[in-house]
>>> print(open('work.pdb').read())   # PDB, C-alpha atoms
ATOM      1  CA  MET Y   1     120.433 -82.714 -10.795
ATOM      2  CA  THR Y   2     119.039 -83.296  -7.384
ATOM      3  CA  ASN Y   3     115.929 -81.890  -5.724
ATOM      4  CA  GLN Y   4     117.381 -82.016  -2.247
ATOM      5  CA  THR Y   5     117.835 -78.745  -0.388
ATOM      6  CA  GLN Y   6     120.841 -78.059   1.768
ATOM      7  CA  ASP Y   7     121.326 -75.487   4.491
ATOM      8  CA  GLU Y   8     123.955 -72.843   3.828
ATOM      9  CA  ASN Y   9     125.418 -73.381   7.243
ATOM     10  CA  SER Y  10     126.527 -76.948   7.715
ATOM     11  CA  THR Y  11     126.253 -76.681  11.510
ATOM     12  CA  GLY Y  12     122.469 -76.667  11.277
ATOM     13  CA  GLN Y  13     121.983 -73.282  12.971
ATOM     14  CA  GLY Y  14     120.263 -71.540  10.053
ATOM     15  CA  GLY Y  15     121.479 -68.978   7.566
ATOM     16  CA  PHE Y  16     122.005 -65.910   9.785
ATOM     17  CA  GLU Y  17     124.749 -64.568  11.991
ATOM     18  CA  ARG Y  18     124.488 -65.405  15.670
ATOM     19  CA  ARG Y  19     126.677 -62.769  17.319
ATOM     20  CA  ASP Y  20     125.225 -59.393  18.383
ATOM     21  CA  ILE Y  21     126.257 -55.949  17.242
ATOM     22  CA  ARG Y  22     128.341 -54.060  19.740
ATOM     23  CA  ILE Y  23     126.469 -51.290  21.537
ATOM     24  CA  ALA Y  24     129.586 -49.102  21.721
ATOM     25  CA  GLY Y  25     129.656 -48.802  17.936
ATOM     26  CA  VAL Y  26     126.027 -47.647  17.862
ATOM     27  CA  ILE Y  27     126.628 -45.081  20.620
ATOM     28  CA  TYR Y  28     129.742 -43.710  18.897
ATOM     29  CA  PHE Y  29     127.782 -43.364  15.665
ATOM     30  CA  LEU Y  30     124.903 -41.505  17.364
ATOM     31  CA  VAL Y  31     127.279 -39.180  19.242
ATOM     32  CA  GLY Y  32     129.142 -38.457  16.014
ATOM     33  CA  LEU Y  33     125.859 -37.784  14.259
ATOM     34  CA  ALA Y  34     124.771 -35.351  17.000
ATOM     35  CA  VAL Y  35     128.129 -33.527  16.914
ATOM     36  CA  ALA Y  36     127.942 -33.262  13.118
ATOM     37  CA  GLY Y  37     124.374 -31.897  13.421
ATOM     38  CA  VAL Y  38     125.498 -29.213  15.917
ATOM     39  CA  ILE Y  39     128.428 -28.230  13.702
ATOM     40  CA  VAL Y  40     126.183 -27.980  10.630
ATOM     41  CA  TYR Y  41     123.679 -25.873  12.630
ATOM     42  CA  PHE Y  42     126.332 -23.335  13.623
ATOM     43  CA  VAL Y  43     127.826 -23.227  10.116
ATOM     44  CA  VAL Y  44     124.432 -22.583   8.520
ATOM     45  CA  SER Y  45     123.502 -19.996  11.195
ATOM     46  CA  GLY Y  46     126.774 -18.179  10.598
ATOM     47  CA  LEU Y  47     126.245 -18.273   6.840
ATOM     48  CA  TYR Y  48     122.742 -16.802   7.178
ATOM     49  CA  ALA Y  49     123.997 -14.103   9.576
ATOM     50  CA  TYR Y  50     126.729 -13.170   7.099
ATOM     51  CA  LEU Y  51     124.294 -13.050   4.176
ATOM     52  CA  GLN Y  52     121.779 -10.990   6.200
ATOM     53  CA  GLY Y  53     124.471  -8.444   7.124
ATOM     54  CA  ARG Y  54     125.637  -8.267   3.526
ATOM     55  CA  SER Y  55     122.057  -7.784   2.305
ATOM     56  CA  GLU Y  56     121.425  -4.978   4.801
ATOM     57  CA  ALA Y  57     124.671  -3.259   3.817
ATOM     58  CA  GLU Y  58     123.682  -3.310   0.132
ATOM     59  CA  GLN Y  59     120.187  -1.877   0.699
ATOM     60  CA  THR Y  60     119.514   1.570  -0.711
ATOM     61  CA  PRO Y  61     118.793   4.200   1.912
ATOM     62  CA  VAL Y  62     115.163   4.800   2.773
ATOM     63  CA  SER Y  63     113.635   8.026   1.502
ATOM     64  CA  PRO Y  64     113.366  10.702   4.191
ATOM     65  CA  LEU Y  65     109.726  11.173   3.166
ATOM     66  CA  VAL Y  66     108.772   7.763   4.523
ATOM     67  CA  THR Y  67     107.477   8.179   8.056
ATOM     68  CA  THR Y  68     107.035   4.574   9.129
ATOM     69  CA  THR Y  69     109.849   2.215   8.303
ATOM     70  CA  VAL Y  70     109.772  -1.352   9.478
ATOM     71  CA  LYS Y  71     113.197  -2.843  10.132
ATOM     72  CA  ASP Y  72     112.217  -6.493   9.928
ATOM     73  CA  THR Y  73     109.052  -7.431   8.066
ATOM     74  CA  ARG Y  74     109.478 -11.174   8.555
ATOM     75  CA  HIS Y  75     108.243 -11.034  12.155
ATOM     76  CA  LEU Y  76     105.129  -9.302  13.419
ATOM     77  CA  PRO Y  77     105.871  -6.332  15.684
ATOM     78  CA  PRO Y  78     104.429  -5.972  19.195
ATOM     79  CA  GLU Y  79     101.890  -3.311  18.099
ATOM     80  CA  TYR Y  80     100.130  -5.967  15.998
ATOM     81  CA  LYS Y  81      97.232  -7.084  18.157
ATOM     82  CA  GLY Y  82      95.298  -9.510  15.972
ATOM     83  CA  ASN Y  83      93.771  -7.105  13.429
ATOM     84  CA  TYR Y  84      96.132  -7.674  10.548
ATOM     85  CA  GLN Y  85      94.212  -5.563   8.025
ATOM     86  CA  GLU Y  86      94.211  -2.517  10.326
ATOM     87  CA  TYR Y  87      97.927  -2.982  11.011
ATOM     88  CA  LEU Y  88      98.697  -3.089   7.291
ATOM     89  CA  ARG Y  89      96.505  -0.068   6.561
ATOM     90  CA  LYS Y  90      98.347   2.030   9.160
ATOM     91  CA  ASN Y  91     101.916   0.886   8.513
ATOM     92  CA  PHE Y  92     102.173   0.232   4.782
ATOM     93  CA  PRO Y  93     101.563   2.611   1.889
ATOM     94  CA  SER Y  94      99.033   2.035  -0.858
ATOM     95  CA  PRO Y  95      98.665   0.049  -3.054
ATOM     96  CA  GLN Y  96      98.881  -2.882  -0.677
ATOM     97  CA  LEU Y  97      99.196  -6.553  -1.398
ATOM     98  CA  GLU Y  98      96.146  -8.727  -1.089
ATOM     99  CA  ILE Y  99      95.832 -10.416   2.275
ATOM    100  CA  ASP Y 100      93.335 -13.152   1.472
ATOM    101  CA  GLU Y 101      93.195 -13.608  -2.299
ATOM    102  CA  ARG Y 102      90.545 -16.343  -2.267
ATOM    103  CA  THR Y 103      88.083 -14.319  -0.171
ATOM    104  CA  GLU Y 104      88.632 -11.172  -2.234
ATOM    105  CA  LEU Y 105      88.179 -13.111  -5.473
ATOM    106  CA  ASN Y 106      84.966 -14.656  -4.136
ATOM    107  CA  LYS Y 107      83.686 -11.182  -3.189
ATOM    108  CA  ASP Y 108      84.435  -9.919  -6.701
ATOM    109  CA  ARG Y 109      82.677 -12.898  -8.290
ATOM    110  CA  LEU Y 110      79.652 -12.452  -6.022
ATOM    111  CA  ARG Y 111      79.448  -8.738  -6.897
ATOM    112  CA  GLU Y 112      79.675  -9.538 -10.621
ATOM    113  CA  GLU Y 113      77.022 -12.236 -10.303
ATOM    114  CA  GLN Y 114      74.760  -9.791  -8.464
ATOM    115  CA  THR Y 115      75.291  -7.214 -11.214
ATOM    116  CA  LEU Y 116      74.532  -9.729 -13.983
ATOM    117  CA  SER Y 117      71.441 -11.209 -12.352
ATOM    118  CA  ALA Y 118      69.583  -8.233 -10.860
ATOM    119  CA  TYR Y 119      67.479  -5.325 -12.036
ATOM    120  CA  ASP Y 120      68.970  -1.898 -11.340
ATOM    121  CA  TRP Y 121      68.855   1.676 -12.555
ATOM    122  CA  ILE Y 122      71.758   2.846 -14.662
ATOM    123  CA  ASP Y 123      70.354   6.347 -15.216
ATOM    124  CA  GLN Y 124      66.952   6.909 -13.670
ATOM    125  CA  LYS Y 125      66.432  10.323 -15.287
ATOM    126  CA  ALA Y 126      67.066   8.924 -18.753
ATOM    127  CA  GLY Y 127      65.064   5.777 -18.015
ATOM    128  CA  THR Y 128      68.004   3.412 -18.579
ATOM    129  CA  VAL Y 129      67.818   0.190 -16.591
ATOM    130  CA  ARG Y 130      69.964  -2.885 -16.198
ATOM    131  CA  ILE Y 131      68.172  -6.201 -16.619
ATOM    132  CA  PRO Y 132      69.451  -9.676 -15.771
ATOM    133  CA  ILE Y 133      71.493 -11.272 -18.521
ATOM    134  CA  ASP Y 134      69.147 -14.282 -18.743
ATOM    135  CA  ARG Y 135      66.187 -11.982 -19.349
ATOM    136  CA  ALA Y 136      68.166 -10.034 -21.953
ATOM    137  CA  MET Y 137      68.980 -13.236 -23.837
ATOM    138  CA  ASP Y 138      65.287 -14.235 -23.765
ATOM    139  CA  LEU Y 139      64.265 -10.844 -25.164
ATOM    140  CA  ILE Y 140      66.830 -11.077 -27.973
ATOM    141  CA  ALA Y 141      65.607 -14.585 -28.798
ATOM    142  CA  GLN Y 142      62.002 -13.328 -28.980
ATOM    143  CA  ARG Y 143      62.528 -10.028 -30.781
ATOM    144  CA  GLY Y 144      65.716 -10.709 -32.689
ATOM    145  CA  LEU Y 145      68.735  -8.471 -32.927
ATOM    146  CA  PRO Y 146      68.116  -4.851 -33.820
ATOM    147  CA  THR Y 147      68.902  -4.079 -37.446
ATOM    148  CA  ARG Y 148      69.382  -0.901 -39.380
ATOM    149  CA  GLY Y 149      66.943   0.078 -42.045
ATOM    150  CA  PRO Y 150      68.099   0.803 -45.572
ATOM    151  CA  ALA Y 151      70.364   3.798 -45.734
ATOM    152  CA  PRO Y 152      68.678   6.876 -47.126
ATOM    153  CA  VAL Y 153      69.909   7.852 -50.585
ATOM    154  CA  GLN Y 154      71.563  11.199 -50.484
ATOM    155  CA  THR Y 155      71.084  13.282 -53.557
ATOM    156  CA  ALA Y 156      73.587  15.906 -54.242
ATOM    157  CA  ASP Y 157      72.956  18.844 -56.490
ATOM    158  CA  ASN Y 158      75.789  18.605 -58.979
ATOM    159  CA  GLY Y 159      74.458  21.068 -61.495
ATOM    160  CA  GLY Y 160      72.703  18.430 -63.596
ATOM    161  CA  LYS Y 161      75.867  16.339 -64.051
ATOM    162  CA  LYS Y 162      75.697  12.646 -63.449
ATOM    163  CA  VAL Y 163      78.031  11.312 -60.831
ATOM    164  CA  LYS Y 164      79.471   7.888 -61.361
ATOM    165  CA  GLY Y 165      77.448   5.245 -59.511
ATOM    166  CA  THR Y 166      74.238   7.310 -59.243
ATOM    167  CA  PRO Y 167      71.111   6.733 -61.403
TER
END
>>> encode(input="work.pdb", output="structure tokens")
Amino acid sequence: MTNQTQDENSTGQGGFERRDIRIAGVIYFLVGLAVAGVIVYFVVSGLYAYLQGRSEAEQTPVSPLVTTTVKDTRHLPPEYKGNYQEYLRKNFPSPQLEIDERTELNKDRLREEQTLSAYDWIDQKAGTVRIPIDRAMDLIAQRGLPTRGPAPVQTADNGGKKVKGTP
């Protein structure tokens, strides 16, 4: 075996092709690609138009009791002027979907945290109060859990007869 290296091209010009690609071939490819894109666009648009018409034809009729019907709910109507919550309240019946789930969940968690960590009256006339949960756990640790005393023995007058299980 030999350790000598040889060029692939015996002319000494290196191992790559020297002639250029023809620009006409690139242009024809790009024009064909654009024409195919336009054809696909119109085919898909026609397919969606057909499916939309079919979907609308299969819809059940709207109840005559409904006063506000929105034809297309995918686009905001012109009467929407930035206050989305007010628009939904006026135009959609209850119960409504949540608009901002994260904010509403945070409000619920904050309200629960406030309830669990604050003093408040439950029934002021009866003297029932709500104490923070940490304070309640401290009181249970100090005093222990409430227990019942021994059950009072009920004696029944059975006419002097002994009942099974009684002394």
>>> resolve_selection(input="work.pdb", expression="the PyMOL selection byres ((chain Y and resi 98-112) around 12)", output="JSON, numbers by chain")
{"Y": [83, 84, 85, 86, 87, 88, 89, 94, 95, 96, 97, 113, 114, 115, 116, 117, 118, 132, 133]}
>>> atom_distance(input="work.pdb", atom1="CA of Asp134 in chain Y", atom2="CA of Tyr119 in chain Y")
11.3 Å
>>> atom_distance(input="work.pdb", atom1="CA of Leu65 in chain Y", atom2="CA of Glu79 in chain Y")
22.2 Å
>>> atom_distance(input="work.pdb", atom1="CA of Gly144 in chain Y", atom2="CA of Arg130 in chain Y")
18.7 Å
